[in-house]
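These notes concern the structure reproduced below.
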Amino acid sequence: MSREKKFIGKTPISIVTKTVPSVIGIAVLLIFISISFLFFSSRDILWGTIFLMLAFILGPLAGSIIRVNNQWEEAIILRLGKYKKTVGPGIFKRLPVIDSIITRDTRIRTLDIPRQEVITKDNISVGVDAVVFLRVSDTKKSIVNIQDFVYAVNKYSQTTLRNVVGEKSLDEVLEKREEIAKSIKTIVDKQAEKWGIDITGIELQNIELPPDMKRVMARQAEAEREKRAVIIKSEGEVVASKNLKKAANTLMESKKGVAVRLRELSTLADISYDQSNTIVFYPIGLGSDMLLAGTALSKRKK
C-alpha cells in the first residue's frame, strides 16, 4: 500500500527524469574512484571524491536557485507562502525551500463559448455561440484572486451572452451582431479585470433559428421581393404611358399627318425582316384620301 501511494499523481516520465540523473551520478562517481586507485595516491583520491560529491550536491542546488522565464511568461514568487514579487522574462533567482514560483502564460488565448439556447424579447428560441479572446494582464491577480480564470471567464461569458441576447428581439439579434458582441465584451471585461484578465475581443459565431422560423422568414423575404417587383413594374408603366402620350401629341401636331405616315413606314421596315410573314398593308392616309374623293363624286352626281 505504501508503494502505491508514492506513485499516485506521478507519470512514468517524471519518475524516469528523477531516477536517471542519480543513477548516472553514482556510476560516474564509481568509475572515477576506480580509475583514481590505479593512477593516483589515496590523498588525491580523497580530495577528488570530495570535489565530485560537492559538484553533485551544488549543481542541482544552483539549478534550483537560478530560474529562467521565456519571453511570453511571467511568474510570482511566494516566500513562505506570502507574495514577494512578480518577475518577467529572463533570468531571476529564488531561495531554495522557502521560495515557490507560479508561472503564467501572457499570450492571447482563444476560448470557445458553447451553443446557448436563448429566448429573445419576442419569445423566439435561438441558439447562439461565440468566441472569446483573452490574455493575462496582471499575473498576481490571476493567481491570488481566482483559482481557475479560464473556467470563470467561460461561465461568466455564457451567463452574459444569455442575458444580453434575451433583452433583444430577433430582428435586433440578426441585424446588430457587432453591437451585441461589444455589449458582452464590456460586461465581461469589467468583471475579468478583477481577476487580472484582459478581454481583447468577443465575436458571435453562429445564430441558429428554429426550422419553422426559417420557413416563415423565407416566405416573408419572397413576398417582399414580389412587392418590390410589382412596384417597379407599375412605375415603369407610368413612365411609359407618359412618354407614349408625348409621342402621340408630337405625331398629331405634324402637318398633313406626315409624321404618322413615316411611323407607318418605319413599322413596316421593322416587321419586314421576317420573310415567312405575309403583310397586308392598307395605308391610313391613302384610305382617307379615297374616302374624300368618293364623297365628292357622290355630291356631283346628285
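Scheme for the C-alpha cells: letters A, B, ... for chains in order shown; per-chain residue numbers from 1; ligand numbers from 1 in order shown.
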### Message
I want to know what sits within 10 Å of Ser100 of chain A, based on only C-alpha atoms, with residues of the same chain fewer than 3 positions away left out; could you give that as an MDAnalysis selection string?
### Response
chainID A and resid 76:84 94:97
Mind writing the picked residues with N, CA and C atoms as a compact mmCIF listing (two decimals), in the first residue's frame?
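Printed below is again.txt as written:
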```
# COMPACT_ATOMS: atom_id res chain seq x y z
N ILE A 76 5.23 34.76 -10.28
CA ILE A 76 5.26 35.39 -8.97
C ILE A 76 6.05 34.50 -8.02
N ILE A 77 6.73 35.13 -7.09
CA ILE A 77 7.50 34.40 -6.08
C ILE A 77 6.76 34.51 -4.75
N LEU A 78 6.47 33.36 -4.16
CA LEU A 78 5.86 33.28 -2.84
C LEU A 78 6.93 32.87 -1.84
N ARG A 79 7.21 33.74 -0.90
CA ARG A 79 8.20 33.44 0.14
C ARG A 79 7.49 33.07 1.43
N LEU A 80 7.66 31.81 1.82
CA LEU A 80 6.96 31.26 2.98
C LEU A 80 5.44 31.43 2.85
N GLY A 81 4.94 31.27 1.60
CA GLY A 81 3.50 31.34 1.34
C GLY A 81 2.96 32.72 1.10
N LYS A 82 3.79 33.79 1.25
CA LYS A 82 3.32 35.15 1.03
C LYS A 82 3.91 35.71 -0.26
N TYR A 83 3.10 36.58 -0.90
CA TYR A 83 3.55 37.18 -2.16
C TYR A 83 4.78 38.04 -1.93
N LYS A 84 5.83 37.80 -2.74
CA LYS A 84 7.07 38.56 -2.63
C LYS A 84 7.19 39.56 -3.77
N ARG A 94 15.88 32.55 -6.90
CA ARG A 94 14.95 32.22 -5.84
C ARG A 94 15.72 31.54 -4.71
N LEU A 95 15.18 31.61 -3.54
CA LEU A 95 15.79 30.94 -2.40
C LEU A 95 15.22 29.54 -2.29
N PRO A 96 16.08 28.54 -2.27
CA PRO A 96 15.56 27.16 -2.18
C PRO A 96 14.77 26.95 -0.90
N VAL A 97 13.82 26.08 -0.97
CA VAL A 97 12.99 25.63 0.14
C VAL A 97 11.96 26.67 0.54
```
From the DSSP assignment of the backbone, select every residue of segment 155-243 of chain A that is strand (DSSP E), and format the answer as a PDB file with N, CA and C atoms, in the first residue's frame.
```pdb
ATOM      1  N   ILE A 197      -7.399  39.698 -15.844  1.00  0.00           N
ATOM      2  CA  ILE A 197      -7.581  39.213 -17.210  1.00  0.00           C
ATOM      3  C   ILE A 197      -8.083  40.361 -18.081  1.00  0.00           C
ATOM      4  N   ASP A 198      -7.526  40.459 -19.266  1.00  0.00           N
ATOM      5  CA  ASP A 198      -7.957  41.462 -20.235  1.00  0.00           C
ATOM      6  C   ASP A 198      -8.686  40.755 -21.376  1.00  0.00           C
ATOM      7  N   ILE A 199      -9.960  41.118 -21.595  1.00  0.00           N
ATOM      8  CA  ILE A 199     -10.758  40.550 -22.695  1.00  0.00           C
ATOM      9  C   ILE A 199     -10.498  41.415 -23.929  1.00  0.00           C
ATOM     10  N   THR A 200      -9.739  40.884 -24.871  1.00  0.00           N
ATOM     11  CA  THR A 200      -9.380  41.655 -26.066  1.00  0.00           C
ATOM     12  C   THR A 200     -10.491  41.682 -27.111  1.00  0.00           C
ATOM     13  N   GLY A 201     -11.403  40.713 -27.077  1.00  0.00           N
ATOM     14  CA  GLY A 201     -12.495  40.718 -28.055  1.00  0.00           C
ATOM     15  C   GLY A 201     -13.433  39.544 -27.859  1.00  0.00           C
ATOM     16  N   ILE A 202     -14.693  39.762 -28.266  1.00  0.00           N
ATOM     17  CA  ILE A 202     -15.713  38.708 -28.267  1.00  0.00           C
ATOM     18  C   ILE A 202     -16.475  38.808 -29.586  1.00  0.00           C
ATOM     19  N   GLU A 203     -16.647  37.690 -30.256  1.00  0.00           N
ATOM     20  CA  GLU A 203     -17.351  37.658 -31.530  1.00  0.00           C
ATOM     21  C   GLU A 203     -18.423  36.570 -31.497  1.00  0.00           C
ATOM     22  N   LEU A 204     -19.617  36.919 -32.008  1.00  0.00           N
ATOM     23  CA  LEU A 204     -20.685  35.919 -32.169  1.00  0.00           C
ATOM     24  C   LEU A 204     -20.404  35.103 -33.424  1.00  0.00           C
ATOM     25  N   GLN A 205     -20.432  33.784 -33.311  1.00  0.00           N
ATOM     26  CA  GLN A 205     -20.113  32.928 -34.452  1.00  0.00           C
ATOM     27  C   GLN A 205     -21.361  32.527 -35.228  1.00  0.00           C
ATOM     28  N   ASN A 206     -22.257  31.794 -34.604  1.00  0.00           N
ATOM     29  CA  ASN A 206     -23.441  31.275 -35.289  1.00  0.00           C
ATOM     30  C   ASN A 206     -24.704  31.647 -34.518  1.00  0.00           C
ATOM     31  N   ILE A 207     -25.749  31.958 -35.278  1.00  0.00           N
ATOM     32  CA  ILE A 207     -27.082  32.192 -34.714  1.00  0.00           C
ATOM     33  C   ILE A 207     -28.034  31.237 -35.432  1.00  0.00           C
ATOM     34  N   GLU A 208     -28.489  30.217 -34.720  1.00  0.00           N
ATOM     35  CA  GLU A 208     -29.348  29.188 -35.305  1.00  0.00           C
ATOM     36  C   GLU A 208     -30.806  29.455 -34.944  1.00  0.00           C
TER      37      GLU A 208
END
```
### Message
I'd like the contact shell of segment 179-194 of chain A - 12 Å cut-off, only C-alpha atoms, skipping same-chain residues fewer than 2 positions apart - returned as number ranges by chain.
### Response
A: 128-146, 148-169, 172-177, 196-205
### Task
Within segment 119-268 of chain A, find each residue whose DSSP state, derived from the backbone, is helix (DSSP H, G or I), and express the selection as a PyMOL selection string.
chain A and resi 139-144+149-166+170-175+177-195+211-252+255-268
Neighbouring residues of Val126 of chain A were defined as those with any atom within 7 Å, considering only C-alpha atoms; residues of the same chain fewer than 5 positions away were excluded. Please report them as a short mmCIF file (atom, residue, chain, number, x, y, z; two decimals) with C-alpha atoms, in the first residue's frame.
```
data_model
loop_
_atom_site.label_atom_id
_atom_site.label_comp_id
_atom_site.auth_asym_id
_atom_site.auth_seq_id
_atom_site.Cartn_x
_atom_site.Cartn_y
_atom_site.Cartn_z
CA GLU A 117 -30.31 28.30 -26.04
CA VAL A 118 -31.69 31.82 -25.57
CA ILE A 119 -35.27 33.13 -25.69
CA ILE A 207 -27.08 32.19 -34.71
CA GLU A 208 -29.35 29.19 -35.30
CA LEU A 209 -33.11 29.65 -35.80
CA PRO A 210 -35.88 27.04 -35.45
#
```
